[in-house]
>>> print(open('model05.cif').read())   # mmCIF, C-alpha atoms; chains and numbers go by the auth columns
data_entry
#
loop_
_atom_site.group_PDB
_atom_site.id
_atom_site.type_symbol
_atom_site.label_atom_id
_atom_site.label_comp_id
_atom_site.label_asym_id
_atom_site.label_seq_id
_atom_site.Cartn_x
_atom_site.Cartn_y
_atom_site.Cartn_z
_atom_site.B_iso_or_equiv
_atom_site.auth_seq_id
_atom_site.auth_asym_id
ATOM 1 C CA MET A 1 50.223 69.320 39.881 0.00 1 E
ATOM 2 C CA THR A 2 52.762 66.669 39.054 0.00 2 E
ATOM 3 C CA ALA A 3 54.850 64.722 41.556 0.00 3 E
ATOM 4 C CA ILE A 4 58.317 63.432 40.695 0.00 4 E
ATOM 5 C CA SER A 5 59.968 61.127 43.189 0.00 5 E
ATOM 6 C CA ASN A 6 63.756 61.138 43.596 0.00 6 E
ATOM 7 C CA ILE A 7 64.011 64.373 41.610 0.00 7 E
ATOM 8 C CA ALA A 8 67.770 64.701 42.114 0.00 8 E
ATOM 9 C CA GLN A 9 68.493 61.307 40.545 0.00 9 E
ATOM 10 C CA ARG A 10 66.070 62.074 37.725 0.00 10 E
ATOM 11 C CA ILE A 11 67.892 65.317 36.893 0.00 11 E
ATOM 12 C CA LEU A 12 71.235 63.481 36.965 0.00 12 E
ATOM 13 C CA ASP A 13 69.894 60.777 34.634 0.00 13 E
ATOM 14 C CA GLU A 14 68.307 63.238 32.194 0.00 14 E
ATOM 15 C CA ASN A 15 71.558 65.189 31.850 0.00 15 E
ATOM 16 C CA ASN A 16 74.111 62.375 31.798 0.00 16 E
ATOM 17 C CA TYR A 17 75.585 63.147 35.227 0.00 17 E
ATOM 18 C CA THR A 18 76.268 60.600 37.962 0.00 18 E
ATOM 19 C CA THR A 19 76.627 60.656 41.719 0.00 19 E
ATOM 20 C CA SER A 20 80.398 60.789 41.180 0.00 20 E
ATOM 21 C CA ASP A 21 79.792 64.281 39.709 0.00 21 E
ATOM 22 C CA ILE A 22 77.623 65.444 42.629 0.00 22 E
ATOM 23 C CA SER A 23 75.782 63.621 45.390 0.00 23 E
ATOM 24 C CA THR A 24 72.002 63.572 45.207 0.00 24 E
ATOM 25 C CA THR A 25 71.918 65.341 48.590 0.00 25 E
ATOM 26 C CA ASN A 26 74.075 68.200 47.280 0.00 26 E
ATOM 27 C CA LEU A 27 72.013 68.352 44.096 0.00 27 E
ATOM 28 C CA GLU A 28 68.880 68.699 46.224 0.00 28 E
ATOM 29 C CA TYR A 29 70.432 71.791 47.809 0.00 29 E
ATOM 30 C CA LEU A 30 70.865 73.240 44.311 0.00 30 E
ATOM 31 C CA ILE A 31 67.245 72.335 43.484 0.00 31 E
ATOM 32 C CA LYS A 32 66.150 74.142 46.660 0.00 32 E
ATOM 33 C CA ASN A 33 68.148 77.212 45.613 0.00 33 E
ATOM 34 C CA VAL A 34 66.481 77.172 42.193 0.00 34 E
ATOM 35 C CA CYS A 35 63.033 76.847 43.778 0.00 35 E
ATOM 36 C CA ASP A 36 63.796 79.803 46.052 0.00 36 E
ATOM 37 C CA GLU A 37 65.027 81.833 43.077 0.00 37 E
ATOM 38 C CA ILE A 38 61.881 81.053 41.070 0.00 38 E
ATOM 39 C CA ASN A 39 59.665 81.957 44.034 0.00 39 E
ATOM 40 C CA SER A 40 61.525 85.244 44.431 0.00 40 E
ATOM 41 C CA GLU A 41 61.455 86.139 40.729 0.00 41 E
ATOM 42 C CA CYS A 42 57.968 84.940 39.839 0.00 42 E
ATOM 43 C CA GLY A 43 55.901 85.193 42.995 0.00 43 E
ATOM 44 C CA THR A 44 55.238 81.458 43.037 0.00 44 E
ATOM 45 C CA SER A 45 55.106 79.361 46.200 0.00 45 E
ATOM 46 C CA ILE A 46 57.026 76.216 45.270 0.00 46 E
ATOM 47 C CA SER A 47 57.892 74.257 48.382 0.00 47 E
ATOM 48 C CA PHE A 48 60.859 71.892 48.271 0.00 48 E
ATOM 49 C CA THR A 49 62.613 70.289 51.212 0.00 49 E
ATOM 50 C CA PRO A 50 65.814 68.317 50.592 0.00 50 E
ATOM 51 C CA SER A 51 65.627 64.784 51.943 0.00 51 E
ATOM 52 C CA SER A 52 69.027 63.052 51.898 0.00 52 E
ATOM 53 C CA GLY A 53 68.925 62.438 48.168 0.00 53 E
ATOM 54 C CA THR A 54 65.391 61.002 47.967 0.00 54 E
ATOM 55 C CA ALA A 55 63.229 64.137 47.899 0.00 55 E
ATOM 56 C CA SER A 56 60.161 64.346 45.720 0.00 56 E
ATOM 57 C CA LEU A 57 59.031 67.478 43.934 0.00 57 E
ATOM 58 C CA THR A 58 55.401 68.401 43.457 0.00 58 E
ATOM 59 C CA ALA A 59 54.690 71.403 41.256 0.00 59 E
ATOM 60 C CA THR A 60 52.923 72.461 38.096 0.00 60 E
ATOM 61 C CA ASP A 61 54.396 71.240 34.820 0.00 61 E
ATOM 62 C CA ALA A 62 55.585 74.772 33.998 0.00 62 E
ATOM 63 C CA GLU A 63 57.308 75.051 37.387 0.00 63 E
ATOM 64 C CA ILE A 64 58.960 71.641 37.000 0.00 64 E
ATOM 65 C CA VAL A 65 60.386 72.541 33.580 0.00 65 E
ATOM 66 C CA THR A 66 61.739 75.804 34.999 0.00 66 E
ATOM 67 C CA ILE A 67 63.215 74.035 38.046 0.00 67 E
ATOM 68 C CA LYS A 68 64.932 71.433 35.879 0.00 68 E
ATOM 69 C CA LEU A 69 66.399 74.055 33.530 0.00 69 E
ATOM 70 C CA GLY A 70 67.637 76.185 36.409 0.00 70 E
ATOM 71 C CA THR A 71 69.059 73.196 38.245 0.00 71 E
ATOM 72 C CA VAL A 72 71.094 72.133 35.221 0.00 72 E
ATOM 73 C CA LEU A 73 72.554 75.650 35.009 0.00 73 E
ATOM 74 C CA TYR A 74 73.376 75.584 38.727 0.00 74 E
ATOM 75 C CA LEU A 75 74.846 72.097 38.297 0.00 75 E
ATOM 76 C CA ARG A 76 77.024 73.239 35.384 0.00 76 E
ATOM 77 C CA ALA A 77 78.317 76.135 37.493 0.00 77 E
ATOM 78 C CA TYR A 78 78.891 73.758 40.436 0.00 78 E
ATOM 79 C CA LYS A 79 80.827 71.284 38.291 0.00 79 E
ATOM 80 C CA ASP A 80 82.758 73.582 35.964 0.00 80 E
ATOM 81 C CA ARG A 81 83.306 76.653 38.169 0.00 81 E
ATOM 82 C CA GLY A 82 84.812 78.705 35.369 0.00 82 E
ATOM 83 C CA PRO A 83 88.517 79.601 35.282 0.00 83 E
ATOM 84 C CA ASN A 84 89.197 78.592 38.901 0.00 84 E
ATOM 85 C CA THR A 85 88.779 74.924 38.139 0.00 85 E
ATOM 86 C CA ALA A 86 91.673 72.483 38.275 0.00 86 E
ATOM 87 C CA GLN A 87 91.185 71.645 34.598 0.00 87 E
ATOM 88 C CA ALA A 88 93.707 73.732 32.705 0.00 88 E
ATOM 89 C CA SER A 89 91.773 73.730 29.425 0.00 89 E
ATOM 90 C CA LEU A 90 88.542 75.091 30.897 0.00 90 E
ATOM 91 C CA SER A 91 87.801 78.797 31.096 0.00 91 E
ATOM 92 C CA ILE A 92 84.690 80.857 31.732 0.00 92 E
ATOM 93 C CA SER A 93 84.400 81.466 27.995 0.00 93 E
ATOM 94 C CA SER A 94 84.306 77.721 27.378 0.00 94 E
ATOM 95 C CA LEU A 95 81.392 77.425 29.801 0.00 95 E
ATOM 96 C CA THR A 96 79.356 80.353 28.500 0.00 96 E
ATOM 97 C CA GLY A 97 80.205 79.517 24.876 0.00 97 E
ATOM 98 C CA ASP A 98 78.982 75.947 25.304 0.00 98 E
ATOM 99 C CA PRO A 99 75.861 75.319 23.179 0.00 99 E
ATOM 100 C CA GLN A 100 74.127 73.355 25.967 0.00 100 E
ATOM 101 C CA TYR A 101 74.744 76.160 28.471 0.00 101 E
ATOM 102 C CA THR A 102 73.460 78.765 26.006 0.00 102 E
ATOM 103 C CA LEU A 103 70.343 76.727 25.195 0.00 103 E
ATOM 104 C CA PHE A 104 69.492 75.995 28.834 0.00 104 E
ATOM 105 C CA ASN A 105 70.122 79.614 29.819 0.00 105 E
ATOM 106 C CA LYS A 106 67.762 80.946 27.120 0.00 106 E
ATOM 107 C CA ARG A 107 65.109 78.371 27.949 0.00 107 E
ATOM 108 C CA PHE A 108 65.399 79.098 31.703 0.00 108 E
ATOM 109 C CA GLU A 109 64.964 82.844 31.127 0.00 109 E
ATOM 110 C CA LYS A 110 61.951 82.204 28.882 0.00 110 E
ATOM 111 C CA ALA A 111 60.422 79.798 31.424 0.00 111 E
ATOM 112 C CA LEU A 112 60.867 82.385 34.200 0.00 112 E
ATOM 113 C CA GLU A 113 59.078 84.977 32.080 0.00 113 E
ATOM 114 C CA ARG A 114 56.175 82.574 31.441 0.00 114 E
ATOM 115 C CA LEU A 115 55.848 81.865 35.174 0.00 115 E
ATOM 116 C CA LYS A 116 55.916 85.597 35.947 0.00 116 E
ATOM 117 C CA LEU A 117 53.067 86.145 33.490 0.00 117 E
ATOM 118 C CA ALA A 118 51.098 83.188 34.832 0.00 118 E
ATOM 119 C CA THR A 119 51.269 84.370 38.436 0.00 119 E
ATOM 120 C CA ARG A 120 50.452 88.012 37.706 0.00 120 E
ATOM 121 C CA GLU A 121 46.958 89.230 38.443 0.00 121 E
ATOM 122 C CA PRO A 122 45.114 90.262 35.298 0.00 122 E
ATOM 123 C CA PRO A 123 44.796 94.016 34.922 0.00 123 E
ATOM 124 C CA ILE A 124 41.503 95.727 35.720 0.00 124 E
ATOM 125 C CA TYR A 125 40.357 98.199 33.103 0.00 125 E
ATOM 126 C CA ILE A 126 37.952 100.966 34.011 0.00 126 E
ATOM 127 C CA THR A 127 36.402 102.860 31.166 0.00 127 E
ATOM 128 C CA ASN A 128 33.847 105.585 30.898 0.00 128 E
ATOM 129 C CA GLU A 129 31.864 103.864 28.181 0.00 129 E
ATOM 130 C CA PRO A 130 28.075 103.993 28.175 0.00 130 E
ATOM 131 C CA THR A 131 26.299 100.831 29.219 0.00 131 E
ATOM 132 C CA PRO A 132 25.348 98.871 26.112 0.00 132 E
ATOM 133 C CA THR A 133 21.651 98.493 25.448 0.00 133 E
ATOM 134 C CA THR A 134 19.928 95.735 23.583 0.00 134 E
ATOM 135 C CA GLU A 135 17.671 96.804 20.772 0.00 135 E
#
>>> encode(input="model05.cif", output="structure tokens")
Amino acid sequence: MTAISNIAQRILDENNYTTSDISTTNLEYLIKNVCDEINSECGTSISFTPSSGTASLTATDAEIVTIKLGTVLYLRAYKDRGPNTAQASLSISSLTGDPQYTLFNKRFEKALERLKLATREPPIYITNEPTPTTE
């Protein structure tokens, strides 16, 4: 398990966003949504409680990577909002055609699949093979 303090600020810093783009408190709500989504999709039990912009996240490294990727996608949707935005030159195709969006989306889907595999119980195989003998 790895602990990251002030996770919202860390995600802002890693992705060249600032608190003028989104407050750390609001970003924590997005992080919580991502954690809930991962828990629902993968059967994990990530616990995250927003804390007025200073929350820490404790999870496995694989979970943290998935949370960060998902949060950036949620943040992009929060900031850009497709064709309903006030920016005349932005459309939904400009968001989904963006190389960063495409990369993060692919990596998030792959990370979700890895977590699903990691949390799945291994299959039990029953065969009707004779018991091996040592000779």
>>> resolve_selection(input="model05.cif", expression="the PyMOL selection byres ((chain E and resi 9) around 12)", output="number ranges by chain")
E: 4-8, 10-28, 31, 52-57, 68
>>> resolve_selection(input="model05.cif", expression="the PyMOL selection byres ((chain E and resi 62-67) around 8)", output="list in words")
Ile31, Val34, Cys35, Ile38, Ile46, Ala59, Thr60, Asp61, Lys68, Leu69, Gly70, Thr71, Phe108, Ala111, Leu112 and Leu115 of chain E
>>> write_last_selection(input="model05.cif", atoms="C-alpha atoms", output="compact mmCIF listing (two decimals), in the coordinates of the input")
# COMPACT_ATOMS: atom_id res chain seq x y z
CA ILE E 31 67.24 72.33 43.48
CA VAL E 34 66.48 77.17 42.19
CA CYS E 35 63.03 76.85 43.78
CA ILE E 38 61.88 81.05 41.07
CA ILE E 46 57.03 76.22 45.27
CA ALA E 59 54.69 71.40 41.26
CA THR E 60 52.92 72.46 38.10
CA ASP E 61 54.40 71.24 34.82
CA LYS E 68 64.93 71.43 35.88
CA LEU E 69 66.40 74.06 33.53
CA GLY E 70 67.64 76.18 36.41
CA THR E 71 69.06 73.20 38.24
CA PHE E 108 65.40 79.10 31.70
CA ALA E 111 60.42 79.80 31.42
CA LEU E 112 60.87 82.38 34.20
CA LEU E 115 55.85 81.86 35.17
>>> atom_distance(input="model05.cif", atom1="atom CA of E:Tyr74", atom2="atom CA of E:Pro50")
15.8 Å
>>> atom_distance(input="model05.cif", atom1="atom CA of E:Gln100", atom2="atom CA of E:Leu30")
18.6 Å
>>> atom_distance(input="model05.cif", atom1="atom CA of E:Ser47", atom2="atom CA of E:Lys106")
24.4 Å
>>> closest_residue(input="model05.cif", among="E:Glu129, E:Asp36, E:Asp80, E:Glu41", to="E:Tyr101", atoms="all atoms listed in the file")
E:Asp80
>>> resolve_selection(input="model05.cif", expression="the PyMOL selection byres ((chain E and resi 42) around 9)", output="list in words")
Glu37, Ile38, Asn39, Ser40, Glu41, Gly43, Thr44, Ser45, Leu112, Glu113, Arg114, Leu115, Lys116, Leu117, Ala118, Thr119 and Arg120 of chain E
>>> write_last_selection(input="model05.cif", atoms="C-alpha atoms", output="mmCIF file, in the coordinates of the input")
data_model
loop_
_atom_site.group_PDB
_atom_site.id
_atom_site.type_symbol
_atom_site.label_atom_id
_atom_site.label_comp_id
_atom_site.auth_asym_id
_atom_site.auth_seq_id
_atom_site.Cartn_x
_atom_site.Cartn_y
_atom_site.Cartn_z
ATOM 1 C CA GLU E 37 65.027 81.833 43.077
ATOM 2 C CA ILE E 38 61.881 81.053 41.070
ATOM 3 C CA ASN E 39 59.665 81.957 44.034
ATOM 4 C CA SER E 40 61.525 85.244 44.431
ATOM 5 C CA GLU E 41 61.455 86.139 40.729
ATOM 6 C CA GLY E 43 55.901 85.193 42.995
ATOM 7 C CA THR E 44 55.238 81.458 43.037
ATOM 8 C CA SER E 45 55.106 79.361 46.200
ATOM 9 C CA LEU E 112 60.867 82.385 34.200
ATOM 10 C CA GLU E 113 59.078 84.977 32.080
ATOM 11 C CA ARG E 114 56.175 82.574 31.441
ATOM 12 C CA LEU E 115 55.848 81.865 35.174
ATOM 13 C CA LYS E 116 55.916 85.597 35.947
ATOM 14 C CA LEU E 117 53.067 86.145 33.490
ATOM 15 C CA ALA E 118 51.098 83.188 34.832
ATOM 16 C CA THR E 119 51.269 84.370 38.436
ATOM 17 C CA ARG E 120 50.452 88.012 37.706
#
>>> axis_aligned_box(input="model05.cif", around="stretch 10-16 of chain E", padding_each_side="4 Å", output="AutoDock Vina command-line options")
--center_x 70.1 --center_y 63.0 --center_z 34.8 --size_x 16.0 --size_y 12.5 --size_z 13.9
>>> closest_residue(input="model05.cif", among="E:Ser51, E:Glu121, E:Thr58, E:Asn33", to="E:Leu73", atoms="all atoms listed in the file")
E:Asn33
